[in-house]
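Peer 1: Please find structure-v3.txt (compact mmCIF, C-alpha atoms and all ligand atoms) on the next line:
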# COMPACT_ATOMS: atom_id res chain seq x y z
CA MET R 1056 -23.40 55.18 -31.31
CA ASP R 1057 -21.00 56.92 -33.72
CA ARG R 1058 -18.08 54.70 -34.75
CA SER R 1059 -15.48 57.14 -33.37
CA ASP R 1060 -17.35 56.92 -30.05
CA VAL R 1061 -17.06 53.12 -30.25
CA ILE R 1062 -13.28 53.38 -30.58
CA ALA R 1063 -12.99 55.98 -27.80
CA ARG R 1064 -15.13 53.79 -25.54
CA ALA R 1065 -12.99 50.72 -26.32
CA MET R 1066 -9.85 52.70 -25.45
CA LEU R 1067 -11.35 53.84 -22.15
CA PHE R 1068 -12.47 50.29 -21.33
CA ALA R 1069 -8.97 48.99 -22.11
CA GLU R 1070 -7.24 51.60 -19.98
CA THR R 1071 -9.55 51.51 -17.00
CA GLU R 1072 -10.73 47.89 -16.82
CA LEU R 1073 -8.11 45.75 -18.60
CA ALA R 1074 -4.71 47.36 -18.07
CA PRO R 1075 -4.94 47.42 -14.25
CA ARG R 1076 -5.81 43.67 -14.20
CA ALA R 1077 -3.58 42.29 -16.99
CA ALA R 1078 -0.84 41.12 -14.59
CA GLU R 1079 -3.47 39.36 -12.45
CA PHE R 1080 -4.91 37.50 -15.47
CA ASP R 1081 -1.38 36.48 -16.50
CA ARG R 1082 -0.55 35.26 -12.99
CA ASP R 1083 -3.85 33.39 -12.56
CA GLU R 1084 -3.60 31.93 -16.09
CA ALA R 1085 -7.27 32.70 -16.68
CA LEU R 1086 -9.26 35.48 -18.27
CA PRO R 1087 -12.22 35.73 -15.87
CA ARG R 1088 -15.77 35.29 -17.14
CA ASP R 1089 -16.66 38.82 -16.03
CA VAL R 1090 -14.07 40.24 -18.45
CA ILE R 1091 -15.42 38.17 -21.33
CA GLN R 1092 -18.91 39.35 -20.42
CA ARG R 1093 -17.76 43.01 -20.28
CA MET R 1094 -16.15 42.62 -23.72
CA ALA R 1095 -19.50 41.28 -24.96
CA ALA R 1096 -21.49 44.05 -23.24
CA GLU R 1097 -19.27 46.67 -24.92
CA GLY R 1098 -20.05 45.01 -28.26
CA LEU R 1099 -16.34 44.33 -28.78
CA LEU R 1100 -16.75 40.60 -29.47
CA GLY R 1101 -18.60 41.62 -32.65
CA ALA R 1102 -16.50 44.71 -33.37
CA SER R 1103 -15.76 43.86 -37.03
CA ILE R 1104 -19.08 42.11 -37.74
CA PRO R 1105 -21.77 44.07 -39.63
CA THR R 1106 -24.61 45.50 -37.56
CA LYS R 1107 -27.15 43.32 -39.40
CA TRP R 1108 -25.48 40.30 -37.78
CA GLY R 1109 -25.37 41.90 -34.33
CA GLY R 1110 -21.89 43.46 -34.51
CA LEU R 1111 -20.54 47.01 -34.32
CA GLY R 1112 -19.77 47.17 -38.03
CA LEU R 1113 -16.26 48.64 -37.72
CA ASP R 1114 -14.16 48.72 -40.90
CA PRO R 1115 -10.70 47.07 -40.87
CA LEU R 1116 -8.87 50.29 -39.92
CA GLU R 1117 -11.25 51.04 -37.06
CA TYR R 1118 -11.09 47.41 -35.91
CA GLY R 1119 -7.29 47.62 -36.04
CA GLU R 1120 -7.36 50.63 -33.70
CA VAL R 1121 -9.59 48.75 -31.29
CA THR R 1122 -7.28 45.70 -31.46
CA GLU R 1123 -4.29 47.91 -30.68
CA ALA R 1124 -6.04 49.51 -27.70
CA ILE R 1125 -7.13 46.17 -26.22
CA GLY R 1126 -3.76 44.53 -27.00
CA LYS R 1127 -1.80 47.33 -25.36
CA ALA R 1128 -3.79 46.81 -22.18
CA CYS R 1129 -3.92 42.99 -22.11
CA ALA R 1130 -2.53 40.50 -24.62
CA SER R 1131 -4.79 37.65 -23.51
CA THR R 1132 -7.94 39.76 -23.94
CA ARG R 1133 -6.67 40.81 -27.37
CA ALA R 1134 -6.23 37.11 -28.17
CA LEU R 1135 -9.96 36.68 -27.58
CA LEU R 1136 -10.58 39.27 -30.31
CA THR R 1137 -8.10 37.47 -32.60
CA VAL R 1138 -9.60 34.02 -32.19
CA HIS R 1139 -13.29 34.67 -31.54
CA THR R 1140 -13.93 37.81 -33.59
CA SER R 1141 -11.30 37.89 -36.35
CA ILE R 1142 -10.91 34.19 -37.05
CA VAL R 1143 -14.16 32.43 -36.15
CA ALA R 1144 -16.78 35.15 -36.69
CA GLY R 1145 -14.79 36.67 -39.60
CA THR R 1146 -14.58 33.33 -41.39
CA LEU R 1147 -18.28 32.58 -40.86
CA LEU R 1148 -19.16 36.02 -42.18
CA GLU R 1149 -17.21 35.45 -45.38
CA LEU R 1150 -17.77 31.78 -46.10
CA ALA R 1151 -20.72 30.31 -44.22
CA SER R 1152 -24.17 29.68 -45.67
CA ARG R 1153 -26.98 32.02 -44.66
CA ARG R 1154 -28.41 29.21 -42.52
CA LEU R 1155 -25.11 28.77 -40.64
CA LYS R 1156 -24.76 32.53 -40.15
CA GLU R 1157 -28.26 32.68 -38.68
CA LYS R 1158 -27.41 29.76 -36.44
CA TYR R 1159 -24.16 31.12 -35.02
CA LEU R 1160 -22.93 34.50 -36.29
CA THR R 1161 -25.25 36.78 -34.34
CA ALA R 1162 -24.69 34.77 -31.16
CA LEU R 1163 -20.92 35.11 -31.67
CA ALA R 1164 -21.13 38.83 -32.45
CA ARG R 1165 -23.12 39.43 -29.26
CA GLY R 1166 -20.81 37.23 -27.19
CA GLU R 1167 -23.65 34.83 -26.36
CA MET R 1168 -21.37 32.07 -27.66
CA ILE R 1169 -17.54 32.03 -27.58
CA GLY R 1170 -15.69 30.60 -30.55
CA CYS R 1171 -12.28 28.97 -30.98
CA PHE R 1172 -10.27 27.79 -33.98
CA ALA R 1173 -8.97 24.21 -33.98
CA LEU R 1174 -6.42 23.63 -36.71
CA SER R 1175 -3.21 22.53 -34.93
CA GLU R 1176 -2.47 18.97 -33.84
CA GLU R 1177 0.54 17.12 -32.44
CA GLY R 1178 1.78 16.44 -35.99
CA ALA R 1179 0.27 19.46 -37.76
CA GLY R 1180 1.69 22.89 -36.90
CA SER R 1181 3.33 24.87 -39.69
CA ASP R 1182 2.43 21.98 -41.99
CA ALA R 1183 -1.29 22.51 -41.58
CA ALA R 1184 -2.07 20.12 -44.43
CA ALA R 1185 -0.90 17.28 -42.17
CA VAL R 1186 -4.09 17.36 -40.04
CA ALA R 1187 -5.03 13.82 -39.02
CA THR R 1188 -8.47 14.53 -37.53
CA THR R 1189 -10.92 12.71 -39.78
CA TYR R 1190 -14.49 13.14 -40.96
CA ILE R 1191 -16.77 10.72 -42.75
CA ARG R 1192 -20.22 11.30 -44.16
CA LYS R 1193 -23.07 9.50 -42.36
CA GLY R 1194 -26.49 10.30 -43.78
CA ASP R 1195 -27.36 13.91 -42.92
CA SER R 1196 -24.30 14.38 -40.76
CA PHE R 1197 -20.52 14.05 -40.58
CA VAL R 1198 -18.68 12.06 -37.93
CA LEU R 1199 -15.41 13.59 -36.65
CA ASN R 1200 -12.56 11.84 -34.82
CA GLY R 1201 -9.22 13.24 -33.71
CA ARG R 1202 -7.30 15.38 -31.25
CA LYS R 1203 -6.46 19.09 -31.49
CA LYS R 1204 -3.69 20.78 -29.53
CA TRP R 1205 -2.81 24.32 -28.32
CA ILE R 1206 -6.31 25.68 -29.00
CA SER R 1207 -6.77 29.14 -27.50
CA PHE R 1208 -10.01 29.58 -25.54
CA ALA R 1209 -10.96 25.92 -26.07
CA GLY R 1210 -11.37 25.72 -22.30
CA VAL R 1211 -14.31 28.15 -22.36
CA ALA R 1212 -15.54 28.09 -25.97
CA ASP R 1213 -19.06 27.02 -26.93
CA LEU R 1214 -18.26 26.66 -30.61
CA ILE R 1215 -15.21 25.16 -32.33
CA LEU R 1216 -14.18 25.73 -35.94
CA VAL R 1217 -12.55 22.36 -36.72
CA LEU R 1218 -10.37 21.38 -39.66
CA ALA R 1219 -10.54 17.68 -40.58
CA THR R 1220 -9.59 15.45 -43.47
CA ASP R 1221 -11.09 12.61 -45.47
CA ASN R 1222 -8.12 10.96 -47.19
CA GLY R 1223 -6.52 14.31 -48.00
CA VAL R 1224 -9.76 16.19 -48.76
CA THR R 1225 -9.80 18.81 -46.00
CA SER R 1226 -13.03 20.40 -44.85
CA ALA R 1227 -14.11 22.69 -42.02
CA PHE R 1228 -16.98 22.23 -39.58
CA MET R 1229 -18.65 24.17 -36.79
CA VAL R 1230 -18.70 21.84 -33.78
CA GLU R 1231 -20.66 22.70 -30.65
CA ARG R 1232 -18.89 21.99 -27.43
CA ASP R 1233 -21.99 20.28 -26.02
CA MET R 1234 -22.14 17.73 -28.84
CA PRO R 1235 -21.58 14.19 -27.50
CA GLY R 1236 -17.94 13.09 -27.87
CA VAL R 1237 -16.31 16.53 -27.42
CA ARG R 1238 -13.88 16.75 -24.50
CA THR R 1239 -11.22 19.30 -23.55
CA TRP R 1240 -8.12 19.22 -21.34
CA PRO R 1241 -6.61 22.49 -20.14
CA MET R 1242 -2.94 23.19 -20.99
CA SER R 1243 -0.81 25.46 -18.83
CA GLY R 1244 2.77 26.66 -18.47
CA PHE R 1245 2.88 28.90 -21.55
CA LEU R 1246 5.40 31.69 -22.15
CA GLY R 1247 2.64 34.19 -22.96
CA ASN R 1248 -1.09 34.33 -23.71
CA ARG R 1249 -1.31 32.62 -20.34
CA ALA R 1250 -4.89 33.67 -19.64
CA THR R 1251 -6.31 32.35 -22.91
CA HIS R 1252 -7.70 29.07 -21.61
CA ILE R 1253 -5.60 27.01 -24.03
CA ALA R 1254 -6.70 23.40 -24.18
CA GLU R 1255 -6.49 20.18 -26.12
CA ILE R 1256 -9.70 19.00 -27.73
CA GLU R 1257 -10.68 15.38 -28.26
CA LEU R 1258 -13.31 14.54 -30.86
CA ASP R 1259 -14.58 11.01 -30.35
CA ASP R 1260 -17.22 10.01 -32.91
CA VAL R 1261 -18.70 13.51 -32.82
CA GLU R 1262 -21.76 13.67 -35.07
CA VAL R 1263 -22.10 17.08 -36.69
CA PRO R 1264 -25.13 18.08 -38.81
CA ALA R 1265 -24.27 18.42 -42.51
CA GLU R 1266 -25.39 22.09 -42.46
CA ASN R 1267 -22.40 22.80 -40.13
CA LEU R 1268 -19.96 22.18 -42.98
CA ILE R 1269 -18.40 25.51 -44.03
CA ALA R 1270 -18.14 26.36 -47.73
CA GLY R 1271 -18.50 22.79 -49.00
CA ILE R 1272 -16.47 19.59 -49.07
CA GLY R 1273 -12.78 20.23 -49.78
CA ALA R 1274 -12.92 23.96 -48.97
CA GLY R 1275 -10.83 23.43 -45.82
CA PHE R 1276 -7.53 24.82 -47.02
CA GLY R 1277 -8.16 26.83 -50.17
CA PHE R 1278 -10.91 28.85 -48.50
CA VAL R 1279 -11.39 28.32 -44.78
CA VAL R 1280 -7.79 28.20 -43.52
CA ASN R 1281 -6.70 30.97 -45.88
CA THR R 1282 -9.59 33.20 -44.81
CA ALA R 1283 -9.17 32.40 -41.12
CA LEU R 1284 -5.42 33.05 -41.18
CA LEU R 1285 -5.80 36.25 -43.20
CA HIS R 1286 -8.08 37.67 -40.49
CA GLY R 1287 -5.91 36.20 -37.73
CA ARG R 1288 -2.71 37.69 -39.17
CA TYR R 1289 -4.29 41.12 -39.52
CA SER R 1290 -5.18 40.95 -35.84
CA ILE R 1291 -1.69 39.78 -34.84
CA ALA R 1292 -0.10 42.59 -36.87
CA TRP R 1293 -1.99 45.12 -34.72
CA ALA R 1294 -1.15 43.07 -31.61
CA GLY R 1295 2.52 43.63 -32.42
CA VAL R 1296 2.00 47.40 -32.68
CA ALA R 1297 0.16 47.27 -29.36
CA LEU R 1298 2.95 45.49 -27.48
CA ALA R 1299 5.69 47.60 -29.08
CA GLN R 1300 3.80 50.81 -28.21
CA ALA R 1301 3.36 49.64 -24.61
CA ALA R 1302 7.09 48.79 -24.43
CA LEU R 1303 8.00 52.18 -25.88
CA GLU R 1304 5.95 53.98 -23.23
CA GLU R 1305 7.55 51.87 -20.48
CA MET R 1306 11.10 52.60 -21.64
CA CYS R 1307 10.49 56.35 -22.16
CA THR R 1308 8.88 56.72 -18.75
CA TYR R 1309 11.67 54.83 -16.98
CA ALA R 1310 14.52 56.48 -18.91
CA THR R 1311 13.30 59.95 -18.00
CA ARG R 1312 13.06 59.09 -14.26
CA ARG R 1313 15.88 56.70 -13.41
CA GLU R 1314 19.23 58.28 -12.49
CA GLN R 1315 22.66 56.60 -12.60
CA PHE R 1316 26.05 58.30 -12.59
CA GLY R 1317 24.26 61.49 -11.48
CA VAL R 1318 22.17 61.85 -14.65
CA LYS R 1319 18.93 60.48 -16.06
CA ILE R 1320 19.72 57.29 -17.99
CA GLY R 1321 17.65 58.69 -20.89
CA THR R 1322 20.42 61.20 -21.58
CA GLN R 1323 22.85 58.36 -22.37
CA GLN R 1324 23.24 57.94 -26.11
CA LEU R 1325 23.16 54.13 -25.97
CA VAL R 1326 19.78 54.31 -24.23
CA GLN R 1327 18.60 56.96 -26.71
CA LYS R 1328 19.41 54.57 -29.55
CA MET R 1329 17.01 51.95 -28.14
CA VAL R 1330 14.29 54.58 -27.70
CA ALA R 1331 14.86 56.02 -31.19
CA ASP R 1332 14.69 52.56 -32.77
CA ALA R 1333 11.46 51.81 -30.94
CA VAL R 1334 9.85 55.15 -31.87
CA THR R 1335 10.77 54.63 -35.53
CA SER R 1336 9.85 50.97 -35.83
CA VAL R 1337 6.52 51.34 -34.02
CA ALA R 1338 5.55 54.13 -36.42
CA ALA R 1339 6.59 52.00 -39.42
CA ALA R 1340 4.73 48.92 -38.15
CA ARG R 1341 1.56 50.95 -37.55
CA GLU R 1342 1.70 52.32 -41.10
CA LEU R 1343 2.10 48.80 -42.55
CA CYS R 1344 -0.97 47.73 -40.54
CA ARG R 1345 -2.95 50.72 -41.78
CA SER R 1346 -1.94 49.99 -45.36
CA ALA R 1347 -3.03 46.35 -44.98
CA GLY R 1348 -6.30 47.57 -43.41
CA ARG R 1349 -7.03 49.86 -46.36
CA SER R 1350 -6.30 47.00 -48.78
CA LEU R 1351 -8.60 44.66 -46.85
CA ALA R 1352 -11.36 47.28 -46.86
CA GLN R 1353 -11.00 47.65 -50.64
CA ARG R 1354 -10.70 43.86 -51.11
CA SER R 1355 -7.52 44.56 -53.05
CA ALA R 1356 -5.60 41.66 -54.64
CA ASP R 1357 -2.56 42.72 -52.56
CA ALA R 1358 -4.42 42.50 -49.22
CA ALA R 1359 -3.18 39.02 -48.26
CA THR R 1360 0.49 39.79 -49.00
CA GLU R 1361 0.30 43.18 -47.29
CA THR R 1362 -1.22 41.51 -44.23
CA ILE R 1363 1.55 38.89 -44.11
CA ILE R 1364 4.19 41.64 -44.40
CA ALA R 1365 2.50 43.64 -41.63
CA LYS R 1366 2.27 40.56 -39.37
CA TYR R 1367 5.92 39.62 -39.95
CA PHE R 1368 7.28 43.14 -39.48
CA SER R 1369 5.08 44.05 -36.58
CA SER R 1370 5.81 40.89 -34.58
CA THR R 1371 9.55 41.37 -35.20
CA VAL R 1372 9.28 44.99 -34.03
CA ALA R 1373 7.34 43.89 -30.94
CA GLN R 1374 10.01 41.34 -30.08
CA ARG R 1375 12.78 43.92 -30.44
CA ALA R 1376 11.02 46.79 -28.67
CA THR R 1377 9.94 44.66 -25.71
CA SER R 1378 13.45 43.22 -25.38
CA ASP R 1379 14.85 46.77 -25.39
CA ALA R 1380 12.27 47.82 -22.79
CA VAL R 1381 13.55 45.07 -20.49
CA GLN R 1382 17.10 46.33 -21.18
CA VAL R 1383 16.28 49.97 -20.38
CA LEU R 1384 14.57 48.94 -17.13
CA GLY R 1385 17.56 46.81 -16.11
CA GLY R 1386 16.82 44.63 -13.08
CA ASN R 1387 13.33 46.07 -12.84
CA GLY R 1388 12.76 44.93 -16.42
CA CYS R 1389 13.31 41.36 -15.29
CA TRP R 1390 10.86 41.62 -12.42
CA SER R 1391 7.08 41.15 -12.48
CA GLY R 1392 6.64 44.38 -10.49
CA TYR R 1393 6.95 46.15 -13.87
CA PRO R 1394 5.08 45.18 -17.06
CA ALA R 1395 8.19 44.96 -19.30
CA GLU R 1396 8.87 41.26 -18.65
CA ARG R 1397 5.24 40.35 -19.46
CA LEU R 1398 5.31 42.40 -22.67
CA PHE R 1399 8.55 40.61 -23.63
CA ARG R 1400 6.98 37.17 -23.10
CA GLU R 1401 3.82 38.13 -24.98
CA ALA R 1402 5.77 39.49 -27.96
CA LYS R 1403 7.56 36.19 -28.57
CA ILE R 1404 4.22 34.43 -29.01
CA LEU R 1405 3.40 36.67 -31.98
CA GLU R 1406 6.35 35.21 -33.90
CA ILE R 1407 4.87 31.72 -33.52
CA ILE R 1408 1.08 31.97 -33.92
CA GLU R 1409 -0.93 32.41 -37.14
CA GLY R 1410 2.13 31.09 -38.98
CA THR R 1411 5.68 31.43 -37.66
CA SER R 1412 7.95 34.24 -38.84
CA GLN R 1413 9.81 31.72 -41.02
CA LEU R 1414 6.58 30.75 -42.78
CA GLN R 1415 5.75 34.44 -43.32
CA GLN R 1416 9.25 34.99 -44.76
CA ILE R 1417 8.74 32.14 -47.23
CA MET R 1418 5.45 33.65 -48.43
CA ILE R 1419 6.89 37.17 -48.61
CA ALA R 1420 9.87 35.93 -50.63
CA ASP R 1421 7.49 34.12 -53.02
CA ALA R 1422 5.53 37.35 -53.47
CA GLY R 1423 8.83 39.19 -54.00
CA TYR R 1424 9.96 36.80 -56.74
CA LYS R 1425 6.62 37.14 -58.53
CA LYS R 1426 6.65 40.91 -58.35
CA TYR R 1427 10.29 41.88 -58.69
CA ALA R 1428 12.12 39.19 -60.72
CA ARG R 1429 12.73 40.58 -64.21
CA LYS R 1430 10.94 38.49 -66.81
CA ALA R 1431 13.74 38.47 -69.39
C1 LIG K 1 0.05 30.57 -27.28
C2 LIG K 1 -0.36 29.74 -28.46
C3 LIG K 1 -1.68 29.75 -28.89
C4 LIG K 1 -2.08 28.94 -29.96
N1 LIG K 1 -3.39 28.94 -30.34
C5 LIG K 1 -3.79 28.14 -31.36
C6 LIG K 1 -5.18 28.09 -31.75
O1 LIG K 1 -6.03 28.77 -31.18
N2 LIG K 1 -5.54 27.23 -32.76
C7 LIG K 1 -4.62 26.46 -33.42
O2 LIG K 1 -5.02 25.73 -34.33
N3 LIG K 1 -3.29 26.49 -33.07
C8 LIG K 1 -2.86 27.31 -32.07
N4 LIG K 1 -1.54 27.36 -31.70
C9 LIG K 1 -0.58 26.52 -32.41
C10 LIG K 1 0.26 27.34 -33.39
O3 LIG K 1 -0.53 27.71 -34.49
C11 LIG K 1 1.48 26.51 -33.80
O4 LIG K 1 2.31 26.42 -32.66
C12 LIG K 1 2.23 27.13 -34.96
O5 LIG K 1 1.49 27.02 -36.15
C13 LIG K 1 3.59 26.49 -35.18
O6 LIG K 1 3.47 25.10 -35.26
P1 LIG K 1 4.41 24.15 -34.34
O7 LIG K 1 4.34 24.67 -32.96
O8 LIG K 1 4.00 22.76 -34.60
O9 LIG K 1 5.87 24.42 -34.87
P2 LIG K 1 6.60 23.66 -36.09
O10 LIG K 1 5.74 23.73 -37.29
O11 LIG K 1 7.07 22.35 -35.62
O12 LIG K 1 7.84 24.63 -36.31
C14 LIG K 1 8.97 24.61 -35.47
C15 LIG K 1 10.03 25.52 -36.08
O13 LIG K 1 10.37 25.05 -37.40
C16 LIG K 1 10.19 26.09 -38.34
N5 LIG K 1 9.73 25.55 -39.62
C17 LIG K 1 8.74 24.63 -39.82
N6 LIG K 1 8.58 24.42 -41.14
C18 LIG K 1 9.44 25.22 -41.78
C19 LIG K 1 9.74 25.49 -43.15
N7 LIG K 1 9.09 24.87 -44.15
N8 LIG K 1 10.72 26.38 -43.43
C20 LIG K 1 11.37 27.04 -42.44
N9 LIG K 1 11.13 26.85 -41.14
C21 LIG K 1 10.18 25.96 -40.81
C22 LIG K 1 9.14 27.02 -37.73
O14 LIG K 1 9.19 28.34 -38.29
C23 LIG K 1 9.54 26.97 -36.27
O15 LIG K 1 10.59 27.87 -36.05
C24 LIG K 1 -1.12 28.15 -30.64
C25 LIG K 1 0.22 28.16 -30.21
C26 LIG K 1 0.60 28.93 -29.14
C27 LIG K 1 2.03 28.92 -28.71
Please re-express this file's structure in C-alpha cells.

Peer 2:
Amino acid sequence: MDRSDVIARAMLFAETELAPRAAEFDRDEALPRDVIQRMAAEGLLGASIPTKWGGLGLDPLEYGEVTEAIGKACASTRALLTVHTSIVAGTLLELASRRLKEKYLTALARGEMIGCFALSEEGAGSDAAAVATTYIRKGDSFVLNGRKKWISFAGVADLILVLATDNGVTSAFMVERDMPGVRTWPMSGFLGNRATHIAEIELDDVEVPAENLIAGIGAGFGFVVNTALLHGRYSIAWAGVALAQAALEEMCTYATRREQFGVKIGTQQLVQKMVADAVTSVAAARELCRSAGRSLAQRSADAATETIIAKYFSSTVAQRATSDAVQVLGGNGCWSGYPAERLFREAKILEIIEGTSQLQQIMIADAGYKKYARKA
C-alpha cells in the first residue's frame, strides 16, 4: 500500500470507528480489546516502525499526521500509539540489540504484543533519577524489585520497559508480564486518558534474562529515557494539535448555529476572538510539529530541542483552545452530551505527561541560554 493511502486509511478508521465511540471508552474507562485489535489489523501499532521489522515504515511527518488523526478522534487510542509505538517500539528500534529486536520488535509492530513504559514511581515523577526499583545481577539474569505507578496500558500490556537502579547506576530492561513476580493493580478516577488501562506494577524478585537489558548497564538515563521521552514528546506534540483542532471544529460549528440576542453568537466579536486565537495557534502548533518531524527525519542536532518546544507549545495551545471551546459552548460545553468537556480534560493531561510543562520550560530556557546569550 502507498504511504499516502496508509494515512488516508488511518484517517477514515479514526473518523468512522474511533470518533463515534470515544465518549463510550471514556465513560467505561477501558479501551476495548477489539479496538486494540483493529489498530493492529490496520498496521497502526507499527506505524513508525520499518517494514523489515513488521511496521508500516512511515517517516516522522507521516506518523505525526496519523497521530493527529487518531488523537482527534480518541485521546486514549492515541495514547496507545504514544506508549506502545512511539516509546516502547521506537526505543527498541533505536537502542536494542539485534537479538532483542528479533525477540520483541516485530511482535510489537504487528500488535501481537502490547508494550508499556514503566518509569514513574511514588517518589520518582519529574525527578526520574530518583527511581527506587532495583536490579542486581544473578548469573545470566537480572533480578528486579520495586513498584511502578501511573503506567499507561500496564493493565493490558504483555511487555514492560522498566527503568531500575543499582546504587545509582540506572539501566533499562524488557520485562514480560508473564514472568513470575510481576503483578498489576488497575488505577481509576483519572481526569483524562481514562480508557488507557493505567495500573501500578509490582516487581517482586522478577528474574529477567540478561539479553533483555537494553543498551548496556548504566544506559538507563543517558540513552533509554532520553530516547523514549524524545519519541513520547513528539507524539504528545501532535496529540496537542489533535485536541486543539477538534476543539476548534467544535467551537466553529456551535458558534455558527447557536443564536442569542437574535443573532448567531459567532458574530459577536468576543467569540470571534476565541475562534481567531484557536485558528492561529493551531496552525502555529502544527508547523512546530512539522518542523520537529523534519529535524527528527534528518537526525538533526536540534531535533530534541525542537521536539520539546513543539510539545510545550502544542500542549499549551490544546489547553487554551479546549478551554475556549467549553466557553463558546456555554452550558453545553460543561455537559458530556458534547465532546468539549472531554477534550478539555484530555488537554490538561498533555501538560503533565512526558515531562510537565515546567520541566519543558527549564530545558527550553537552557537551550535558549546556550544559543542566544552573547559570549562576550
Ligand atoms: C494519565 C497519566 C498517564 C501516565 N502514564 C505514565 C506511563 O505510562 N509511564 C510512566 O512512567 N509514567 C506515567 N505517568 C506519570 C507521569 O509521567 C508523571 O505524573 C509526571 O512525570 C509528573 O510527575 P509527578 O506526577 O510525580 O509530579 P511531580 O514531579 O511531583 O511535579 C508536581 C509539580 O511540581 C512541578 N515541578 C517538579 N519539579 C520541578 C522543578 N524542578 N522545577 C519546576 N517545577 C517542578 C511539576 O512541573 C508539577 O507542576 C502518567 C501520568 C498520568 C497523569

Peer 1: Using only C-alpha atoms and all ligand atoms, which residues of chain R come within 8 Å of ligand LIG 1 (chain K), and what is the closest atom pair for each, with the distance in Å to one decimal? Give it as CSV, sorted by chain and residue number.

Peer 2:
residue,atom,partner,partner_atom,distance
R:Val1138,CA,K:LIG1,O1,6.4
R:Cys1171,CA,K:LIG1,O1,6.3
R:Phe1172,CA,K:LIG1,N2,4.9
R:Ala1173,CA,K:LIG1,O2,4.2
R:Leu1174,CA,K:LIG1,O2,3.5
R:Ser1175,CA,K:LIG1,O2,3.7
R:Glu1176,CA,K:LIG1,O2,7.2
R:Glu1177,CA,K:LIG1,O8,7.0
R:Gly1178,CA,K:LIG1,O8,6.8
R:Ala1179,CA,K:LIG1,O8,5.9
R:Gly1180,CA,K:LIG1,O8,3.3
R:Ser1181,CA,K:LIG1,O10,3.6
R:Asp1182,CA,K:LIG1,O10,6.0
R:Ala1183,CA,K:LIG1,O5,7.6
R:Lys1203,CA,K:LIG1,O2,7.4
R:Lys1204,CA,K:LIG1,N3,6.7
R:Trp1205,CA,K:LIG1,N4,4.7
R:Ile1206,CA,K:LIG1,O1,3.8
R:Ser1207,CA,K:LIG1,O1,3.8
R:Phe1208,CA,K:LIG1,O1,7.0
R:Ala1209,CA,K:LIG1,O1,7.7
R:Phe1245,CA,K:LIG1,C1,6.6
R:Leu1246,CA,K:LIG1,C1,7.5
R:Gly1247,CA,K:LIG1,C1,6.2
R:Asn1248,CA,K:LIG1,C1,5.3
R:Arg1249,CA,K:LIG1,C1,7.4
R:Thr1251,CA,K:LIG1,C1,7.9
R:Ile1253,CA,K:LIG1,C3,6.8
R:Ile1404,CA,K:LIG1,C27,5.9
R:Ile1407,CA,K:LIG1,C12,5.5
R:Ile1408,CA,K:LIG1,O3,4.6
R:Glu1409,CA,K:LIG1,O3,5.4
R:Gly1410,CA,K:LIG1,O5,5.0
R:Thr1411,CA,K:LIG1,O14,4.7
R:Ser1412,CA,K:LIG1,O14,6.1
R:Gln1413,CA,K:LIG1,O14,4.4
R:Leu1414,CA,K:LIG1,O14,5.7
R:Ile1417,CA,K:LIG1,N8,7.2

Peer 1: Can you tell me, as an mmCIF file with C-alpha atoms, keeping the file's coordinate frame, what residues are no more than 8 Å from region 1068-1082 of chain R when counting all atoms listed in the file, ignoring any on the same chain fewer than 4 positions away?

Peer 2:
data_model
loop_
_atom_site.group_PDB
_atom_site.id
_atom_site.type_symbol
_atom_site.label_atom_id
_atom_site.label_comp_id
_atom_site.auth_asym_id
_atom_site.auth_seq_id
_atom_site.Cartn_x
_atom_site.Cartn_y
_atom_site.Cartn_z
ATOM 1 C CA ARG R 1064 -15.130 53.790 -25.540
ATOM 2 C CA LEU R 1086 -9.260 35.480 -18.270
ATOM 3 C CA PRO R 1087 -12.220 35.730 -15.870
ATOM 4 C CA ALA R 1124 -6.040 49.510 -27.700
ATOM 5 C CA ILE R 1125 -7.130 46.170 -26.220
ATOM 6 C CA LYS R 1127 -1.800 47.330 -25.360
ATOM 7 C CA ALA R 1128 -3.790 46.810 -22.180
ATOM 8 C CA CYS R 1129 -3.920 42.990 -22.110
ATOM 9 C CA ALA R 1130 -2.530 40.500 -24.620
ATOM 10 C CA SER R 1131 -4.790 37.650 -23.510
ATOM 11 C CA GLY R 1247 2.640 34.190 -22.960
ATOM 12 C CA ASN R 1248 -1.090 34.330 -23.710
ATOM 13 C CA ARG R 1249 -1.310 32.620 -20.340
ATOM 14 C CA ALA R 1250 -4.890 33.670 -19.640
ATOM 15 C CA PRO R 1394 5.080 45.180 -17.060
ATOM 16 C CA ARG R 1397 5.240 40.350 -19.460
#

Peer 1: One decimal, Å: what's the distance from CA of Ile1062 (chain R) over to CA of Ile1104 (chain R), could you say?

Peer 2: 14.6 Å

Peer 1: With only C-alpha atoms as the atoms that count, which of R:Trp1293, R:Ala1095, R:Thr1377, R:Gln1416 lies nearest to Ser1346 (chain R)?

Peer 2: R:Trp1293

Peer 1: One decimal, Å: what's the distance from CA of Ile1269 (chain R) over to CA of Ala1096 (chain R), could you say?

Peer 2: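 Distance between the two atoms: 28.0 Å.
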
Peer 1: Skip region 1142-1148 of chain R itself and residues of its chain fewer than 5 positions away, then list as an mmCIF file with C-alpha atoms, keeping the file's coordinate frame all residues within 8 Å of it, counting only C-alpha atoms.

Peer 2:
data_model
loop_
_atom_site.group_PDB
_atom_site.id
_atom_site.type_symbol
_atom_site.label_atom_id
_atom_site.label_comp_id
_atom_site.auth_asym_id
_atom_site.auth_seq_id
_atom_site.Cartn_x
_atom_site.Cartn_y
_atom_site.Cartn_z
ATOM 1 C CA GLY R 1101 -18.600 41.620 -32.650
ATOM 2 C CA SER R 1103 -15.760 43.860 -37.030
ATOM 3 C CA ILE R 1104 -19.080 42.110 -37.740
ATOM 4 C CA THR R 1137 -8.100 37.470 -32.600
ATOM 5 C CA LEU R 1155 -25.110 28.770 -40.640
ATOM 6 C CA LYS R 1156 -24.760 32.530 -40.150
ATOM 7 C CA LEU R 1160 -22.930 34.500 -36.290
ATOM 8 C CA LEU R 1163 -20.920 35.110 -31.670
ATOM 9 C CA ALA R 1164 -21.130 38.830 -32.450
ATOM 10 C CA GLY R 1170 -15.690 30.600 -30.550
ATOM 11 C CA CYS R 1171 -12.280 28.970 -30.980
ATOM 12 C CA PHE R 1172 -10.270 27.790 -33.980
ATOM 13 C CA LEU R 1216 -14.180 25.730 -35.940
ATOM 14 C CA ILE R 1269 -18.400 25.510 -44.030
ATOM 15 C CA VAL R 1279 -11.390 28.320 -44.780
ATOM 16 C CA THR R 1282 -9.590 33.200 -44.810
ATOM 17 C CA ALA R 1283 -9.170 32.400 -41.120
ATOM 18 C CA LEU R 1284 -5.420 33.050 -41.180
ATOM 19 C CA HIS R 1286 -8.080 37.670 -40.490
ATOM 20 C CA GLY R 1287 -5.910 36.200 -37.730
#
